[in-house]
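Below is the file work07.cif, which contains mmCIF, C-alpha atoms.
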```
data_data
loop_
_atom_site.group_PDB
_atom_site.id
_atom_site.type_symbol
_atom_site.label_atom_id
_atom_site.label_comp_id
_atom_site.auth_asym_id
_atom_site.auth_seq_id
_atom_site.Cartn_x
_atom_site.Cartn_y
_atom_site.Cartn_z
ATOM 1 C CA MET A 26 -27.963 157.684 42.050
ATOM 2 C CA ASP A 27 -29.312 156.952 38.629
ATOM 3 C CA ILE A 28 -26.754 154.322 37.668
ATOM 4 C CA ARG A 29 -28.311 151.075 36.565
ATOM 5 C CA ARG A 30 -27.724 148.812 39.499
ATOM 6 C CA ASP A 31 -26.086 145.454 39.275
ATOM 7 C CA VAL A 32 -28.280 142.632 40.551
ATOM 8 C CA PHE A 33 -25.447 140.832 42.289
ATOM 9 C CA GLN A 34 -24.362 143.948 44.099
ATOM 10 C CA ALA A 35 -27.953 144.492 45.164
ATOM 11 C CA LEU A 36 -28.245 140.967 46.537
ATOM 12 C CA ALA A 37 -24.891 141.107 48.319
ATOM 13 C CA ASP A 38 -26.352 143.108 51.185
ATOM 14 C CA PRO A 39 -27.975 141.101 54.025
ATOM 15 C CA THR A 40 -30.653 143.728 54.725
ATOM 16 C CA ARG A 41 -31.666 143.754 51.067
ATOM 17 C CA ARG A 42 -31.828 139.968 51.027
ATOM 18 C CA ALA A 43 -34.016 140.111 54.132
ATOM 19 C CA ILE A 44 -36.303 142.625 52.360
ATOM 20 C CA ILE A 45 -36.661 140.240 49.406
ATOM 21 C CA THR A 46 -37.461 137.354 51.718
ATOM 22 C CA LEU A 47 -40.118 139.443 53.466
ATOM 23 C CA VAL A 48 -41.735 140.700 50.286
ATOM 24 C CA ALA A 49 -41.579 137.220 48.742
ATOM 25 C CA ILE A 50 -43.851 135.949 51.506
ATOM 26 C CA HIS A 51 -46.333 138.680 50.670
ATOM 27 C CA ALA A 52 -46.336 142.073 48.953
ATOM 28 C CA MET A 53 -45.871 145.013 51.320
ATOM 29 C CA THR A 54 -45.952 148.772 51.522
ATOM 30 C CA PRO A 55 -42.637 150.555 52.258
ATOM 31 C CA GLY A 56 -43.938 151.403 55.722
ATOM 32 C CA ALA A 57 -44.742 147.763 56.485
ATOM 33 C CA ILE A 58 -41.278 146.713 55.301
ATOM 34 C CA ALA A 59 -39.542 149.336 57.445
ATOM 35 C CA GLU A 60 -41.553 148.150 60.472
ATOM 36 C CA HIS A 61 -39.532 144.939 60.433
ATOM 37 C CA PHE A 62 -36.160 146.593 60.834
ATOM 38 C CA ASP A 63 -34.371 148.583 63.469
ATOM 39 C CA SER A 64 -32.704 150.786 60.856
ATOM 40 C CA ARG A 65 -33.994 154.276 60.111
ATOM 41 C CA ARG A 66 -36.841 154.426 57.659
ATOM 42 C CA GLN A 67 -34.712 156.419 55.214
ATOM 43 C CA THR A 68 -32.101 153.657 55.186
ATOM 44 C CA ILE A 69 -34.744 151.063 54.359
ATOM 45 C CA SER A 70 -36.184 153.348 51.653
ATOM 46 C CA LYS A 71 -32.733 153.526 50.103
ATOM 47 C CA HIS A 72 -32.499 149.729 50.070
ATOM 48 C CA ILE A 73 -35.955 149.476 48.485
ATOM 49 C CA GLN A 74 -34.900 152.027 45.883
ATOM 50 C CA ILE A 75 -31.795 150.026 44.970
ATOM 51 C CA LEU A 76 -33.810 146.805 44.665
ATOM 52 C CA THR A 77 -36.370 148.589 42.506
ATOM 53 C CA GLU A 78 -33.689 150.147 40.274
ATOM 54 C CA CYS A 79 -32.325 146.750 39.372
ATOM 55 C CA ALA A 80 -35.889 145.436 38.947
ATOM 56 C CA LEU A 81 -35.754 142.851 41.711
ATOM 57 C CA LEU A 82 -38.701 144.598 43.324
ATOM 58 C CA GLU A 83 -41.696 145.959 41.463
ATOM 59 C CA PRO A 84 -43.861 148.755 42.855
ATOM 60 C CA ARG A 85 -47.596 148.550 42.141
ATOM 61 C CA HIS A 86 -50.052 151.274 42.989
ATOM 62 C CA GLU A 87 -53.114 149.962 44.753
ATOM 63 C CA GLY A 88 -55.417 152.807 45.631
ATOM 64 C CA ARG A 89 -53.387 155.341 47.588
ATOM 65 C CA GLU A 90 -50.751 152.836 48.602
ATOM 66 C CA ILE A 91 -47.715 151.416 46.845
ATOM 67 C CA PHE A 92 -47.097 147.718 47.348
ATOM 68 C CA TYR A 93 -43.774 146.127 46.522
ATOM 69 C CA TYR A 94 -43.678 142.708 44.835
ATOM 70 C CA VAL A 95 -40.738 140.447 44.073
ATOM 71 C CA ASN A 96 -40.074 140.289 40.342
ATOM 72 C CA ALA A 97 -39.832 136.525 39.870
ATOM 73 C CA LYS A 98 -38.618 136.915 36.262
ATOM 74 C CA LYS A 99 -35.671 139.027 37.349
ATOM 75 C CA MET A 100 -34.848 136.620 40.154
ATOM 76 C CA LYS A 101 -34.644 133.876 37.519
ATOM 77 C CA GLU A 102 -31.820 135.737 35.815
ATOM 78 C CA VAL A 103 -29.681 135.249 38.873
ATOM 79 C CA ALA A 104 -27.865 132.319 37.337
ATOM 80 C CA ASP A 105 -25.665 131.116 40.139
ATOM 81 C CA PHE A 106 -28.131 130.674 42.927
ATOM 82 C CA ILE A 107 -26.823 127.353 44.212
ATOM 83 C CA GLU A 108 -23.762 128.892 45.851
ATOM 84 C CA PRO A 109 -25.611 131.429 48.050
ATOM 85 C CA PHE A 110 -28.166 128.744 48.917
ATOM 86 C CA ARG A 111 -25.375 126.365 49.921
ATOM 87 C CA ASN A 112 -23.648 129.046 51.990
ATOM 88 C CA MET A 113 -26.871 129.807 53.789
ATOM 89 C CA TRP A 114 -27.304 126.145 54.771
ATOM 90 C CA ASP A 115 -23.643 125.816 55.637
ATOM 91 C CA ASP A 116 -23.816 128.799 58.019
ATOM 92 C CA ARG A 117 -26.921 127.351 59.580
ATOM 93 C CA PHE A 118 -25.347 123.912 60.054
ATOM 94 C CA ASN A 119 -22.185 125.503 61.471
ATOM 95 C CA LYS A 120 -24.393 127.058 64.137
ATOM 96 C CA LEU A 121 -26.059 123.734 64.817
ATOM 97 C CA GLU A 122 -22.646 122.109 65.241
ATOM 98 C CA MET A 123 -21.352 124.875 67.485
ATOM 99 C CA ILE A 124 -24.461 124.838 69.702
ATOM 100 C CA MET A 125 -24.483 121.053 69.998
ATOM 101 C CA LYS A 126 -20.807 120.938 70.917
ATOM 102 C CA LYS A 127 -21.627 123.206 73.848
ATOM 103 C CA ASN A 128 -24.357 120.786 74.840
ATOM 104 C CA LYS A 129 -22.107 117.768 74.724
ATOM 105 C CA PRO A 130 -22.290 115.901 78.022
ATOM 106 C CA GLN A 131 -18.992 116.194 79.905
ATOM 107 C CA LYS A 132 -17.092 112.923 80.045
ATOM 108 C CA MET B 12 -12.852 127.975 55.308
ATOM 109 C CA GLU B 13 -14.055 124.994 53.326
ATOM 110 C CA ARG B 14 -17.798 124.647 53.044
ATOM 111 C CA LYS B 15 -18.894 121.318 54.436
ATOM 112 C CA THR B 16 -22.408 121.404 53.058
ATOM 113 C CA LYS B 17 -23.155 119.918 49.646
ATOM 114 C CA ILE B 18 -26.182 120.651 47.476
ATOM 115 C CA HIS B 19 -27.232 118.313 44.686
ATOM 116 C CA ALA B 20 -29.771 120.042 42.485
ATOM 117 C CA GLU B 21 -30.017 118.775 38.934
ATOM 118 C CA ASP B 22 -31.394 121.031 36.211
ATOM 119 C CA GLY B 23 -35.001 120.442 35.376
ATOM 120 C CA LYS B 24 -35.862 118.493 38.513
ATOM 121 C CA GLN B 25 -38.235 119.438 41.267
ATOM 122 C CA ASP B 26 -36.186 118.114 44.140
ATOM 123 C CA LEU B 27 -32.794 118.634 45.725
ATOM 124 C CA VAL B 28 -30.538 116.936 48.241
ATOM 125 C CA ILE B 29 -28.544 118.698 50.965
ATOM 126 C CA THR B 30 -25.806 116.692 52.689
ATOM 127 C CA ARG B 31 -23.550 117.643 55.535
ATOM 128 C CA GLU B 32 -21.109 115.855 57.812
ATOM 129 C CA PHE B 33 -20.909 116.927 61.438
ATOM 130 C CA ASP B 34 -18.285 116.552 64.139
ATOM 131 C CA LEU B 35 -21.033 115.310 66.404
ATOM 132 C CA PRO B 36 -22.262 111.864 67.432
ATOM 133 C CA VAL B 37 -25.491 111.066 65.589
ATOM 134 C CA GLU B 38 -27.455 111.234 68.874
ATOM 135 C CA LEU B 39 -26.485 114.890 69.345
ATOM 136 C CA LEU B 40 -27.228 115.762 65.712
ATOM 137 C CA PHE B 41 -30.662 114.181 66.072
ATOM 138 C CA GLN B 42 -31.300 116.084 69.326
ATOM 139 C CA ALA B 43 -30.738 119.357 67.477
ATOM 140 C CA TYR B 44 -33.848 118.471 65.453
ATOM 141 C CA VAL B 45 -36.134 117.293 68.242
ATOM 142 C CA VAL B 46 -35.427 119.298 71.406
ATOM 143 C CA PRO B 47 -37.449 122.532 71.015
ATOM 144 C CA ASP B 48 -34.963 124.657 72.942
ATOM 145 C CA LEU B 49 -32.109 123.513 70.687
ATOM 146 C CA VAL B 50 -34.137 123.922 67.477
ATOM 147 C CA GLU B 51 -34.866 127.494 68.524
ATOM 148 C CA GLN B 52 -31.195 128.200 69.063
ATOM 149 C CA TRP B 53 -29.803 127.062 65.738
ATOM 150 C CA MET B 54 -32.764 127.820 63.506
ATOM 151 C CA GLY B 55 -33.384 131.218 65.066
ATOM 152 C CA THR B 56 -37.092 130.554 65.192
ATOM 153 C CA LYS B 57 -39.612 130.058 67.959
ATOM 154 C CA VAL B 58 -41.021 126.554 68.321
ATOM 155 C CA LEU B 59 -44.765 126.760 68.961
ATOM 156 C CA LYS B 60 -45.296 123.042 68.623
ATOM 157 C CA LEU B 61 -43.066 120.050 67.934
ATOM 158 C CA GLU B 62 -44.617 116.611 68.342
ATOM 159 C CA ASN B 63 -41.853 114.140 67.613
ATOM 160 C CA ARG B 64 -43.876 111.129 66.542
ATOM 161 C CA LYS B 65 -45.637 109.611 63.564
ATOM 162 C CA HIS B 66 -48.726 111.731 62.771
ATOM 163 C CA GLY B 67 -47.423 114.480 65.041
ATOM 164 C CA SER B 68 -47.290 118.074 63.845
ATOM 165 C CA TRP B 69 -45.016 121.056 64.231
ATOM 166 C CA GLN B 70 -45.261 124.837 63.998
ATOM 167 C CA PHE B 71 -42.477 127.437 64.015
ATOM 168 C CA GLN B 72 -42.728 131.211 64.195
ATOM 169 C CA THR B 73 -40.082 133.844 63.548
ATOM 170 C CA SER B 74 -40.214 137.437 64.699
ATOM 171 C CA ASP B 75 -37.996 140.341 63.779
ATOM 172 C CA ALA B 76 -35.923 142.409 66.204
ATOM 173 C CA LYS B 77 -39.005 144.431 67.124
ATOM 174 C CA GLY B 78 -41.133 141.401 67.878
ATOM 175 C CA ASN B 79 -43.330 141.503 64.757
ATOM 176 C CA VAL B 80 -44.114 138.056 63.367
ATOM 177 C CA VAL B 81 -42.392 137.730 60.008
ATOM 178 C CA PHE B 82 -42.865 134.139 59.234
ATOM 179 C CA GLN B 83 -44.819 131.145 60.388
ATOM 180 C CA ALA B 84 -44.495 127.609 59.083
ATOM 181 C CA ASN B 85 -46.016 124.260 59.937
ATOM 182 C CA GLY B 86 -46.156 120.671 58.870
ATOM 183 C CA VAL B 87 -46.840 117.110 59.868
ATOM 184 C CA ILE B 88 -44.480 114.292 60.687
ATOM 185 C CA HIS B 89 -44.957 111.125 58.669
ATOM 186 C CA GLU B 90 -42.091 109.008 59.930
ATOM 187 C CA PHE B 91 -40.103 109.362 63.109
ATOM 188 C CA VAL B 92 -37.283 106.919 63.906
ATOM 189 C CA PRO B 93 -34.881 108.243 66.599
ATOM 190 C CA ASN B 94 -31.305 108.779 65.365
ATOM 191 C CA LEU B 95 -32.269 107.521 61.903
ATOM 192 C CA LYS B 96 -34.953 109.477 60.120
ATOM 193 C CA ILE B 97 -37.678 112.078 60.081
ATOM 194 C CA THR B 98 -40.075 112.472 57.170
ATOM 195 C CA ARG B 99 -42.142 115.632 57.347
ATOM 196 C CA THR B 100 -43.950 118.285 55.357
ATOM 197 C CA PHE B 101 -43.090 121.994 55.458
ATOM 198 C CA GLU B 102 -45.491 124.770 54.583
ATOM 199 C CA MET B 103 -45.133 128.514 54.954
ATOM 200 C CA GLU B 104 -48.307 130.114 56.229
ATOM 201 C CA ASN B 105 -49.854 133.080 54.386
ATOM 202 C CA SER B 106 -47.614 132.679 51.389
ATOM 203 C CA SER B 107 -47.989 131.583 47.802
ATOM 204 C CA PHE B 108 -45.467 128.775 48.231
ATOM 205 C CA ALA B 109 -46.834 125.246 48.094
ATOM 206 C CA VAL B 110 -46.139 122.655 50.757
ATOM 207 C CA GLN B 111 -42.907 120.678 50.360
ATOM 208 C CA LEU B 112 -41.911 117.176 51.444
ATOM 209 C CA GLU B 113 -38.698 116.612 53.404
ATOM 210 C CA PHE B 114 -36.871 113.334 53.999
ATOM 211 C CA LEU B 115 -34.212 113.684 56.702
ATOM 212 C CA GLU B 116 -31.801 110.798 57.190
ATOM 213 C CA PHE B 117 -29.291 110.688 60.012
ATOM 214 C CA GLU B 118 -26.270 108.454 59.740
ATOM 215 C CA SER B 119 -23.552 107.616 62.223
ATOM 216 C CA LEU B 120 -20.080 107.717 60.645
ATOM 217 C CA SER B 121 -18.041 107.096 63.796
ATOM 218 C CA ALA B 122 -18.457 107.556 67.542
ATOM 219 C CA ASP B 123 -17.940 111.318 67.100
ATOM 220 C CA THR B 124 -19.071 112.059 63.557
ATOM 221 C CA SER B 125 -22.342 111.837 61.701
ATOM 222 C CA LYS B 126 -24.012 112.784 58.460
ATOM 223 C CA LEU B 127 -27.306 114.400 57.556
ATOM 224 C CA ASN B 128 -28.995 113.725 54.256
ATOM 225 C CA MET B 129 -31.948 116.006 53.519
ATOM 226 C CA HIS B 130 -34.035 115.314 50.430
ATOM 227 C CA ILE B 131 -36.613 118.009 49.641
ATOM 228 C CA VAL B 132 -39.347 117.554 47.036
ATOM 229 C CA TYR B 133 -41.146 120.671 45.754
ATOM 230 C CA ARG B 134 -44.426 120.928 43.899
ATOM 231 C CA SER B 135 -42.773 122.001 40.645
ATOM 232 C CA ILE B 136 -39.403 122.693 39.038
ATOM 233 C CA ALA B 137 -40.177 126.416 39.064
ATOM 234 C CA MET B 138 -40.994 126.305 42.759
ATOM 235 C CA ARG B 139 -37.724 124.563 43.590
ATOM 236 C CA ASP B 140 -35.699 127.109 41.644
ATOM 237 C CA GLN B 141 -37.562 130.000 43.209
ATOM 238 C CA MET B 142 -36.979 128.715 46.726
ATOM 239 C CA MET B 143 -33.263 128.400 46.013
ATOM 240 C CA GLN B 144 -32.988 131.782 44.317
ATOM 241 C CA MET B 145 -34.552 133.544 47.239
ATOM 242 C CA GLY B 146 -32.039 131.840 49.467
ATOM 243 C CA PHE B 147 -34.862 130.999 51.745
ATOM 244 C CA ALA B 148 -33.704 131.216 55.288
ATOM 245 C CA PRO B 149 -36.643 132.983 56.825
ATOM 246 C CA GLY B 150 -35.683 131.973 60.325
ATOM 247 C CA LEU B 151 -32.066 132.870 59.996
ATOM 248 C CA ASN B 152 -32.246 136.150 58.100
ATOM 249 C CA MET B 153 -34.515 137.908 60.485
ATOM 250 C CA ALA B 154 -33.487 136.473 63.812
ATOM 251 C CA HIS B 155 -29.789 136.676 63.166
ATOM 252 C CA ASN B 156 -29.061 139.067 66.016
ATOM 253 C CA ARG B 157 -31.029 137.095 68.532
ATOM 254 C CA LEU B 158 -29.225 133.921 67.517
ATOM 255 C CA GLN B 159 -25.853 135.578 67.890
ATOM 256 C CA SER B 160 -26.696 136.590 71.430
ATOM 257 C CA VAL B 161 -27.756 133.033 72.287
ATOM 258 C CA ILE B 162 -24.426 131.733 71.038
ATOM 259 C CA SER B 163 -22.369 134.325 72.855
ATOM 260 C CA LYS B 164 -24.271 133.501 76.031
ATOM 261 C CA LEU B 165 -23.418 129.851 75.533
ATOM 262 C CA ASN B 166 -19.792 130.710 74.914
ATOM 263 C CA LYS B 167 -19.577 132.528 78.223
ATOM 264 C CA ASN B 168 -20.564 129.399 80.125
#
```
Could you rewrite the structure in this file as structure tokens?
Amino acid sequence: MDIRRDVFQALADPTRRAIITLVAIHAMTPGAIAEHFDSRRQTISKHIQILTECALLEPRHEGREIFYYVNAKKMKEVADFIEPFRNMWDDRFNKLEMIMKKNKPQK
Amino acid sequence: MERKTKIHAEDGKQDLVITREFDLPVELLFQAYVVPDLVEQWMGTKVLKLENRKHGSWQFQTSDAKGNVVFQANGVIHEFVPNLKITRTFEMENSSFAVQLEFLEFESLSADTSKLNMHIVYRSIAMRDQMMQMGFAPGLNMAHNRLQSVISKLNKN
């Protein structure tokens, strides 16, 4: 898999978005990232590889370890970021509405 | 399905406004923000502390499927007017993101509908854009499965 990856394709996957969110909070080693998921370590490695190939993640060697950082410059190139942000809030509010309807006192 | 949530984010500004209309009376919408058990259900995060009053503070924590803490956030409440408004700060712990200021306004549209207006002010334009680009939903992303199970449990009732 040495095709140059498309950023949008890379961000389309929920696990990869979760990895970016995690690493955005603080830089992590691949092992620490994998710890947060139920998937096999190889699967997570593959996701990290895809994110690195399209430069959304940046590996940095620190001593014996490799830490992954979010490449803020690359993230900036994602032009249409309002739509995914809106969808995220919309999904969240849909859940709020659904949960509160269940909690509605019976008349 | 039509998206009911609207985002107003002008270029070159360090704030944004999120608005959404709900098929819920304003009292129920407000409850979703103040009753810890309900907050946990829709936000997919654990509520460690939620003091619903002026000068009160709050703290949320999100764990992944394995129970590791992924995210912790806290803030203080500056204004608290039931069924009308909450003004609060939001800060992610152990991160490089600066604290943000949130103005939440609740409005009754009819006996069964209401509207939420959420105005968020970030420290800088760059910070606002970065938060949006990362699609920050720390609670939701990681605790998705747990949330789904809560909802399906509710549906069974």
- [ ] For the file shown, report as a PyMOL selection string the outcome of the PyMOL selection byres ((chain A) within 9 of (chain B)) at residue level.
- [x] chain A and resi 39-40+42-43+45-47+49-51+60-63+97+100-101+103-129
Can you spit out the residues from that selection as a PDB file, in the coordinates of the input, using C-alpha atoms?
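Output (out-v4.pdb):
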```pdb
ATOM      1  CA  PRO A  39     -27.975 141.101  54.025  1.00  0.00           C
ATOM      2  CA  THR A  40     -30.653 143.728  54.725  1.00  0.00           C
ATOM      3  CA  ARG A  42     -31.828 139.968  51.027  1.00  0.00           C
ATOM      4  CA  ALA A  43     -34.016 140.111  54.132  1.00  0.00           C
ATOM      5  CA  ILE A  45     -36.661 140.240  49.406  1.00  0.00           C
ATOM      6  CA  THR A  46     -37.461 137.354  51.718  1.00  0.00           C
ATOM      7  CA  LEU A  47     -40.118 139.443  53.466  1.00  0.00           C
ATOM      8  CA  ALA A  49     -41.579 137.220  48.742  1.00  0.00           C
ATOM      9  CA  ILE A  50     -43.851 135.949  51.506  1.00  0.00           C
ATOM     10  CA  HIS A  51     -46.333 138.680  50.670  1.00  0.00           C
ATOM     11  CA  GLU A  60     -41.553 148.150  60.472  1.00  0.00           C
ATOM     12  CA  HIS A  61     -39.532 144.939  60.433  1.00  0.00           C
ATOM     13  CA  PHE A  62     -36.160 146.593  60.834  1.00  0.00           C
ATOM     14  CA  ASP A  63     -34.371 148.583  63.469  1.00  0.00           C
ATOM     15  CA  ALA A  97     -39.832 136.525  39.870  1.00  0.00           C
ATOM     16  CA  MET A 100     -34.848 136.620  40.154  1.00  0.00           C
ATOM     17  CA  LYS A 101     -34.644 133.876  37.519  1.00  0.00           C
ATOM     18  CA  VAL A 103     -29.681 135.249  38.873  1.00  0.00           C
ATOM     19  CA  ALA A 104     -27.865 132.319  37.337  1.00  0.00           C
ATOM     20  CA  ASP A 105     -25.665 131.116  40.139  1.00  0.00           C
ATOM     21  CA  PHE A 106     -28.131 130.674  42.927  1.00  0.00           C
ATOM     22  CA  ILE A 107     -26.823 127.353  44.212  1.00  0.00           C
ATOM     23  CA  GLU A 108     -23.762 128.892  45.851  1.00  0.00           C
ATOM     24  CA  PRO A 109     -25.611 131.429  48.050  1.00  0.00           C
ATOM     25  CA  PHE A 110     -28.166 128.744  48.917  1.00  0.00           C
ATOM     26  CA  ARG A 111     -25.375 126.365  49.921  1.00  0.00           C
ATOM     27  CA  ASN A 112     -23.648 129.046  51.990  1.00  0.00           C
ATOM     28  CA  MET A 113     -26.871 129.807  53.789  1.00  0.00           C
ATOM     29  CA  TRP A 114     -27.304 126.145  54.771  1.00  0.00           C
ATOM     30  CA  ASP A 115     -23.643 125.816  55.637  1.00  0.00           C
ATOM     31  CA  ASP A 116     -23.816 128.799  58.019  1.00  0.00           C
ATOM     32  CA  ARG A 117     -26.921 127.351  59.580  1.00  0.00           C
ATOM     33  CA  PHE A 118     -25.347 123.912  60.054  1.00  0.00           C
ATOM     34  CA  ASN A 119     -22.185 125.503  61.471  1.00  0.00           C
ATOM     35  CA  LYS A 120     -24.393 127.058  64.137  1.00  0.00           C
ATOM     36  CA  LEU A 121     -26.059 123.734  64.817  1.00  0.00           C
ATOM     37  CA  GLU A 122     -22.646 122.109  65.241  1.00  0.00           C
ATOM     38  CA  MET A 123     -21.352 124.875  67.485  1.00  0.00           C
ATOM     39  CA  ILE A 124     -24.461 124.838  69.702  1.00  0.00           C
ATOM     40  CA  MET A 125     -24.483 121.053  69.998  1.00  0.00           C
ATOM     41  CA  LYS A 126     -20.807 120.938  70.917  1.00  0.00           C
ATOM     42  CA  LYS A 127     -21.627 123.206  73.848  1.00  0.00           C
ATOM     43  CA  ASN A 128     -24.357 120.786  74.840  1.00  0.00           C
ATOM     44  CA  LYS A 129     -22.107 117.768  74.724  1.00  0.00           C
TER      45      LYS A 129
END
```
Open item on the list: Using only C-alpha atoms, which protein or nucleic acid residues come within 10 Å of Ile136 in chain B? Drop anything in the same chain fewer than 6 positions from it, and give the result as a ChimeraX atom specification.
Closed with: /B:22-26
- [ ] Any chance you could resolve the PyMOL selection byres ((chain A and resi 82) around 10) against this file and give the residues as a list in words?
- [x] Ile44, Ile45, Val48, Ala49, Ala52, Ile73, Gln74, Ile75, Leu76, Thr77, Glu78, Cys79, Ala80, Leu81, Glu83, Pro84, Arg85, Phe92, Tyr93, Tyr94, Val95, Asn96, Ala97, Lys99 and Met100 of chain A
TODO: Give me the result of the PyMOL selection byres ((chain B and resi 61) around 10) on this file, residue by residue, as a list in words.
DONE: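 Residues picked by the PyMOL selection byres ((chain B and resi 61) around 10): Tyr44, Val45, Val46, Pro47, Val50, Val58, Leu59, Lys60, Glu62, Asn63, Arg64, Gly67, Ser68, Trp69, Gln70, Phe71, Asn85, Gly86, Val87 and Ile88 of chain B.
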TODO: For each of B:Thr56, B:Gln83, B:Thr73, B:Gln111, take the minimum atom-to-atom distance to Arg139 in chain B, counting only C-alpha atoms, then give the residue where this is smallest.
DONE: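 Among B:Thr56, B:Gln83, B:Thr73, B:Gln111, it is B:Gln111 that comes nearest to Arg139 in chain B.
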Given 6 Å of margin on each side, can you work out the centre and size in Å (one decimal) of an axis-aligned box holding every listed atom of range 95-102 of chain A, as JSON?
```
{"center_x": -36.3, "center_y": 137.2, "center_z": 39.9, "size_x": 20.9, "size_y": 18.6, "size_z": 20.3}
```
TODO: Name the closest residue to Lys96 in chain B among the candidates B:Gln72, B:Ser121, B:Phe41, B:Arg134; distances are taken between atoms, counting all atoms listed in the file.
DONE: B:Phe41
Open item on the list: Can you measure CA of Pro55 in chain A to CA of Leu36 in chain A for me? One decimal in Å is fine.
Closed with: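 Straight-line distance from CA of Pro55 in chain A to CA of Leu36 in chain A works out to 18.2 Å.
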Open item on the list: Give me the residues near range 112-120 of chain B as a PyMOL selection string, where near means some atom within 8 Å (using only C-alpha atoms) and where sequence neighbours in that chain fewer than 4 positions away do not count.
Closed with: chain B and resi 36-37+40-41+94-101+124-133
